[in-house]
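J.: My questions all concern the structure below.
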Amino acid sequence: MSIHPGTAAKHKAPEDQTAASAAKVRRRSPTRVNPALYLFPLPAVAVVAFFLVMPTLQAFQYAITDWNGFSAAFNYVGLDNFIRAFTKDSLFTNALTNNLKFVLLVVIAQTLFSLILALLLTKNSRGSILLRALFFFPTILSSVSVAFIWKFIYDPNFGLANSVLRTVGVDGGAYLGNDAQALYWVAVTQVWFHSGQMMVVYIAGLQAIPRELYEAAEMDGANKWQQFKSITWPFVAPATSIVVAYTTVQSFKAFDLILGIAGNPPKSSLDILSTRIYSTFANSEFGYAAAQSIIFMAMIALVTWLQRRLLRLTPKGD
Amino acid sequence: MLASLSRRAILAIYAVIIIVPLTVVAFGSFKTTQELFAGPFSLPHSLSADNFTEVVGGQNLGSSFMNSVIVTGISVPLTLFLASLAGYAVSRLKGFMSWAIFGFLVLGMAIPAQANMVPLYVLFGRLGLLDNLVSLILANVVSTLPIAVFILGGFMRTLPKELYEASSIDGSGPWKTYSSIALPLSAPSIAAAAIFLFVIHWNELLYPLLFIQTPGNRTLPLALLSFQGEFQTNYPLLFAGVILASLPVVVAYVFLQRYFVAGITAGASKG
């Protein structure tokens, strides 16, 4: 290689640049931003500012008051509401514990289960497509509908679960009537409700894996488990972080399902943060409810952030 | 061999766990309570629509159905319209402004409904919108706008810029380019977002619970929830309510199944 190409390039470069920038200018001029374009996002921005951002900021203001929602007078009480929530209000700490337990249960169960379903239904055969549609179906129902269906399944006297168990001669359980177990049974319902949706996210991830990788692995004599560990898992790691993040938010907000299955207000073994906030609000403690809702928002942010940290530790193909 | 057998077993068992309860609900909605408890799996003796006429007539489910149709029928197109306008602008504006507008609108995805429900209740109270379907429409629109902008704006950014340029060379203003080029080309993402929003708005429970007081203004999920208190164990009546509340979504699902999956996954993978 001589020095010529380099020199030639050096000589040519300024010309190229001018040509390029000329083209840029030429291409840009007709698309110069029309000022009217700034009007387009205006309605959306106004609606979001007025009905979403402003109320959220206001929640911070309410949270440091003892406002009851009706009287004109209220006092600023500083962090009293937050201190009360964590130290003096066993109803709140109970809801917080229940909520964390519920999220942990659902995230683990739903992530694993939806991955298993996806692995079993990755191939685009007719049977798989039909089953995918069936497994996805519960997702479109309303939470109240799902709650009623499962209330009947769990009914200790007339319910489906115990009728099935009786036919095989087993004594059924009390399910939701058993305070120690109630939350677990609602977690089962939540997993039934949304696993199909998460399965579809996983299937999209799985179908992006090049087939050749498996063929190569098979030729190298890798068994199924080794193939899963070194090909499938690294590839589905991004889907996993989506599934985990979405399931977390979804199970934090299992409000509708709990109200439907347990009634309003739910008994303490099924009370979670969102139902507790609602009860506080319905009790006209607006300031305190706002403080609880800020704790709720912080909780979701914290758990999501923690998961990001933990999932980053996932080995990316070793 | 063994692997494929256990694969089939798992799938079959889960299929049963989904199909059986749904079938029991469908059959049960035609039964009497005694008949349901005597044999939950048996076919109903007769296709008597008594439960349905009772829930539609006696329990205001008919007017709730209409309220749900009105609220969803306005909320979904309105959200799509505002989101597509914003998404279009974001895809055409450049630099900081585009980034700032998009960021501002999408940031709302991080705010859970419970976080601002108290101030929103107060605000609607001051605007005189409590116990009014308008409050539900506004709350639906604003709570789903961020994700709709995310889906539509994300899609519109991928459209080739040359089409817009050609259109403006032809002398079209931004409105013309938006309505005759950007919107039609975004049809797939609009369809996906529409179905995603339909499922959310149709099933929304928290906002009606907060803002609606009189039974005549209830939407379906709220009316159903109030059943629970009144008819603790009248399951056939609850089931008839479940079927009525689910019917529009189920019918749409049967015909547009592919779009449902696309829409809800777009929501899931970007939520």
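In the structure tokens, chains take the letters A, B, ... in the order shown, each chain's residues start at 1, and ligands count up from 1 in the order shown.
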Mind checking DSSP for segment 19-125 of chain B and telling me the alpha helix (DSSP H) residues as a PyMOL selection string?
T.: chain B and resi 19-28+33-38+50-57+61-92+95-107+117-125
J.: Leaving out Leu213 of chain A and any residue of its chain fewer than 5 positions from it, which residues lie within 12 Å of it when counting only C-alpha atoms, given as a list of chain:residue names?
T.: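 So the residues in contact are A:Ala208, A:Glu218, A:Met219, A:Asp220, A:Ala222, A:Gln227, A:Phe228, A:Ser230, A:Ile231, A:Thr232, A:Phe235.
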J.: Would you please work out which residue, of A:Val186, A:Ile242, A:Val170, A:Ala237, is nearest to Phe148 of chain A when using only C-alpha atoms?
T.: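 Ranking A:Val186, A:Ile242, A:Val170, A:Ala237 by distance to Phe148 of chain A, first place goes to A:Val186.
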J.: Residues near Tyr121 of chain B, anyone? I mean within 8 Å using only C-alpha atoms, not counting same-chain ones fewer than 5 positions away, as a PyMOL selection string.
T.: chain B and resi 130+210-211
J.: Restrict the selected residues to all heavy atoms and save them as an mmCIF file, in the first residue's frame.
T.:
data_model
loop_
_atom_site.group_PDB
_atom_site.id
_atom_site.type_symbol
_atom_site.label_atom_id
_atom_site.label_comp_id
_atom_site.auth_asym_id
_atom_site.auth_seq_id
_atom_site.Cartn_x
_atom_site.Cartn_y
_atom_site.Cartn_z
ATOM 1 N N LEU B 130 -67.587 15.649 39.003
ATOM 2 C CA LEU B 130 -67.794 14.399 39.732
ATOM 3 C C LEU B 130 -69.178 13.841 39.416
ATOM 4 O O LEU B 130 -70.116 14.589 39.161
ATOM 5 C CB LEU B 130 -67.659 14.623 41.238
ATOM 6 C CG LEU B 130 -66.231 14.851 41.735
ATOM 7 C CD1 LEU B 130 -66.226 15.012 43.244
ATOM 8 C CD2 LEU B 130 -65.309 13.719 41.328
ATOM 9 N N LEU B 210 -63.945 5.952 42.075
ATOM 10 C CA LEU B 210 -63.637 7.220 42.715
ATOM 11 C C LEU B 210 -64.667 8.293 42.390
ATOM 12 O O LEU B 210 -65.100 9.035 43.257
ATOM 13 C CB LEU B 210 -62.272 7.737 42.243
ATOM 14 C CG LEU B 210 -61.019 7.047 42.735
ATOM 15 C CD1 LEU B 210 -59.813 7.612 41.997
ATOM 16 C CD2 LEU B 210 -60.847 7.232 44.227
ATOM 17 N N PHE B 211 -65.009 8.407 41.119
ATOM 18 C CA PHE B 211 -65.708 9.608 40.664
ATOM 19 C C PHE B 211 -67.215 9.457 40.550
ATOM 20 O O PHE B 211 -67.931 10.444 40.480
ATOM 21 C CB PHE B 211 -65.168 10.077 39.301
ATOM 22 C CG PHE B 211 -63.679 10.298 39.278
ATOM 23 C CD1 PHE B 211 -62.913 9.957 38.174
ATOM 24 C CD2 PHE B 211 -63.042 10.849 40.379
ATOM 25 C CE1 PHE B 211 -61.543 10.162 38.172
ATOM 26 C CE2 PHE B 211 -61.674 11.053 40.387
ATOM 27 C CZ PHE B 211 -60.923 10.703 39.282
#
J.: Residues of segment 198-306 of chain A that approach segment 118-124 of chain A to 10 Å or less, counting only C-alpha atoms: could you list each one with the shortest pair of atoms and its distance in Å to one decimal, rows by chain and increasing residue number, as CSV?
T.:
residue,atom,partner,partner_atom,distance
A:Met198,CA,A:Ala118,CA,8.7
A:Met199,CA,A:Ala118,CA,5.1
A:Val200,CA,A:Ala118,CA,7.0
A:Val201,CA,A:Ala118,CA,8.5
A:Tyr202,CA,A:Ala118,CA,5.9
A:Ile203,CA,A:Ala118,CA,5.2
A:Ala204,CA,A:Thr122,CA,8.7
A:Gly205,CA,A:Ala118,CA,9.4
A:Leu206,CA,A:Thr122,CA,6.9
A:Gln207,CA,A:Thr122,CA,6.8
A:Phe228,CA,A:Leu119,CA,10.0
A:Thr232,CA,A:Leu119,CA,9.4
J.: Selected residues, all heavy atoms, written as a compact mmCIF listing (two decimals), in the first residue's frame, please.
T.:
# COMPACT_ATOMS: atom_id res chain seq x y z
N MET A 198 -47.67 -12.50 29.27
CA MET A 198 -46.21 -12.53 29.40
C MET A 198 -45.61 -13.64 28.53
O MET A 198 -44.51 -13.49 28.01
CB MET A 198 -45.82 -12.73 30.87
CG MET A 198 -46.23 -11.56 31.74
SD MET A 198 -45.58 -9.99 31.12
CE MET A 198 -47.05 -9.03 31.01
N MET A 199 -46.36 -14.73 28.35
CA MET A 199 -45.93 -15.80 27.46
C MET A 199 -45.69 -15.26 26.06
O MET A 199 -44.70 -15.60 25.40
CB MET A 199 -47.02 -16.89 27.42
CG MET A 199 -46.88 -17.89 26.30
SD MET A 199 -48.42 -18.82 26.03
CE MET A 199 -49.37 -17.63 25.07
N VAL A 200 -46.58 -14.37 25.61
CA VAL A 200 -46.46 -13.81 24.27
C VAL A 200 -45.19 -12.95 24.15
O VAL A 200 -44.50 -12.97 23.14
CB VAL A 200 -47.72 -13.00 23.92
CG1 VAL A 200 -47.54 -12.27 22.61
CG2 VAL A 200 -48.92 -13.91 23.85
N VAL A 201 -44.87 -12.22 25.22
CA VAL A 201 -43.63 -11.42 25.21
C VAL A 201 -42.43 -12.36 25.07
O VAL A 201 -41.51 -12.12 24.28
CB VAL A 201 -43.51 -10.59 26.51
CG1 VAL A 201 -42.18 -9.85 26.55
CG2 VAL A 201 -44.67 -9.61 26.62
N TYR A 202 -42.47 -13.46 25.83
CA TYR A 202 -41.37 -14.44 25.75
C TYR A 202 -41.28 -15.08 24.37
O TYR A 202 -40.19 -15.29 23.85
CB TYR A 202 -41.55 -15.52 26.82
CG TYR A 202 -40.78 -15.24 28.09
CD1 TYR A 202 -41.39 -15.27 29.32
CD2 TYR A 202 -39.42 -14.95 28.03
CE1 TYR A 202 -40.69 -15.01 30.48
CE2 TYR A 202 -38.70 -14.70 29.19
CZ TYR A 202 -39.34 -14.73 30.40
OH TYR A 202 -38.63 -14.48 31.54
N ILE A 203 -42.45 -15.41 23.79
CA ILE A 203 -42.41 -16.06 22.47
C ILE A 203 -41.74 -15.15 21.45
O ILE A 203 -40.91 -15.59 20.66
CB ILE A 203 -43.84 -16.47 22.03
CG1 ILE A 203 -44.31 -17.66 22.86
CG2 ILE A 203 -43.86 -16.83 20.54
CD1 ILE A 203 -45.73 -18.09 22.60
N ALA A 204 -42.05 -13.85 21.51
CA ALA A 204 -41.41 -12.91 20.60
C ALA A 204 -39.89 -12.95 20.77
O ALA A 204 -39.14 -12.95 19.80
CB ALA A 204 -41.94 -11.50 20.84
N GLY A 205 -39.44 -13.02 22.03
CA GLY A 205 -38.00 -13.09 22.29
C GLY A 205 -37.40 -14.39 21.77
O GLY A 205 -36.34 -14.40 21.15
N LEU A 206 -38.10 -15.50 22.02
CA LEU A 206 -37.59 -16.81 21.63
C LEU A 206 -37.49 -16.96 20.11
O LEU A 206 -36.58 -17.58 19.60
CB LEU A 206 -38.50 -17.91 22.19
CG LEU A 206 -38.40 -18.16 23.69
CD1 LEU A 206 -39.51 -19.11 24.14
CD2 LEU A 206 -37.04 -18.75 24.04
N GLN A 207 -38.47 -16.37 19.42
CA GLN A 207 -38.49 -16.55 17.97
C GLN A 207 -37.40 -15.75 17.28
O GLN A 207 -37.13 -15.95 16.11
CB GLN A 207 -39.88 -16.21 17.42
CG GLN A 207 -40.88 -17.30 17.81
CD GLN A 207 -42.25 -17.09 17.19
OE1 GLN A 207 -42.62 -15.97 16.88
NE2 GLN A 207 -42.99 -18.17 17.04
N PHE A 228 -30.22 -24.76 26.60
CA PHE A 228 -31.04 -23.74 27.23
C PHE A 228 -30.16 -22.73 27.95
O PHE A 228 -30.33 -21.52 27.83
CB PHE A 228 -32.01 -24.38 28.24
CG PHE A 228 -32.81 -23.38 29.01
CD1 PHE A 228 -33.92 -22.78 28.45
CD2 PHE A 228 -32.42 -23.01 30.30
CE1 PHE A 228 -34.65 -21.83 29.15
CE2 PHE A 228 -33.14 -22.05 31.00
CZ PHE A 228 -34.25 -21.46 30.42
N THR A 232 -30.54 -20.26 24.86
CA THR A 232 -31.86 -19.69 25.10
C THR A 232 -31.82 -18.61 26.17
O THR A 232 -32.31 -17.49 25.96
CB THR A 232 -32.84 -20.80 25.52
OG1 THR A 232 -32.66 -21.91 24.64
CG2 THR A 232 -34.26 -20.32 25.46
J.: Give me the residues near Phe227 of chain B as a PyMOL selection string, where near means some atom within 12 Å (using only C-alpha atoms) and where sequence neighbours in that chain fewer than 5 positions away do not count.
T.: (chain A and resi 144-145+148+259-261+263-264) or (chain B and resi 55+58-61+215+220-222+232-242)
J.: For C-alpha atoms, I'd like the residues from the last selection saved as a JSON list (two decimals), in the first residue's frame.
T.:
[["chain", "number", "residue", "atom", "x", "y", "z"],
["A", 144, "VAL", "CA", -63.87, -7.99, 38.32],
["A", 145, "SER", "CA", -64.95, -10.80, 35.98],
["A", 148, "PHE", "CA", -65.92, -13.55, 40.29],
["A", 259, "LEU", "CA", -61.71, -5.70, 45.52],
["A", 260, "GLY", "CA", -63.57, -8.12, 43.27],
["A", 261, "ILE", "CA", -62.47, -11.28, 45.00],
["A", 263, "GLY", "CA", -64.96, -7.29, 48.67],
["A", 264, "ASN", "CA", -64.66, -3.63, 49.53],
["B", 55, "VAL", "CA", -79.21, -8.26, 35.68],
["B", 58, "GLY", "CA", -83.22, -4.93, 37.95],
["B", 59, "GLN", "CA", -79.61, -4.04, 38.45],
["B", 60, "ASN", "CA", -79.04, -1.20, 36.03],
["B", 61, "LEU", "CA", -76.62, -3.28, 34.02],
["B", 215, "PRO", "CA", -75.99, 3.95, 40.13],
["B", 220, "LEU", "CA", -69.99, -2.03, 33.78],
["B", 221, "PRO", "CA", -67.03, -2.99, 35.98],
["B", 222, "LEU", "CA", -68.33, -0.78, 38.78],
["B", 232, "GLN", "CA", -72.69, -12.78, 47.72],
["B", 233, "THR", "CA", -73.39, -16.30, 46.54],
["B", 234, "ASN", "CA", -75.89, -15.84, 43.75],
["B", 235, "TYR", "CA", -73.29, -17.06, 41.31],
["B", 236, "PRO", "CA", -75.61, -17.53, 38.30],
["B", 237, "LEU", "CA", -76.48, -13.84, 38.50],
["B", 238, "LEU", "CA", -72.83, -12.87, 38.89],
["B", 239, "PHE", "CA", -71.99, -15.09, 35.90],
["B", 240, "ALA", "CA", -74.63, -13.45, 33.72],
["B", 241, "GLY", "CA", -73.05, -10.12, 34.66],
["B", 242, "VAL", "CA", -69.58, -11.41, 33.83]]
J.: So which one's closest to Leu11 of chain B, A:Val103, A:Val53, A:Leu117, A:Leu79? Using only C-alpha atoms, please.
T.: A:Leu117
J.: Excluding Ser91 of chain B and its own-chain neighbours fewer than 6 positions away, which residues fall within 9 Å of it when counting only C-alpha atoms? Please give them as a list in words.
T.: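 After dropping sequence-adjacent residues, the list is Ser98, Gly153, Gly154, Phe155, Met156, Arg157, Thr158 and Leu159 of chain B.
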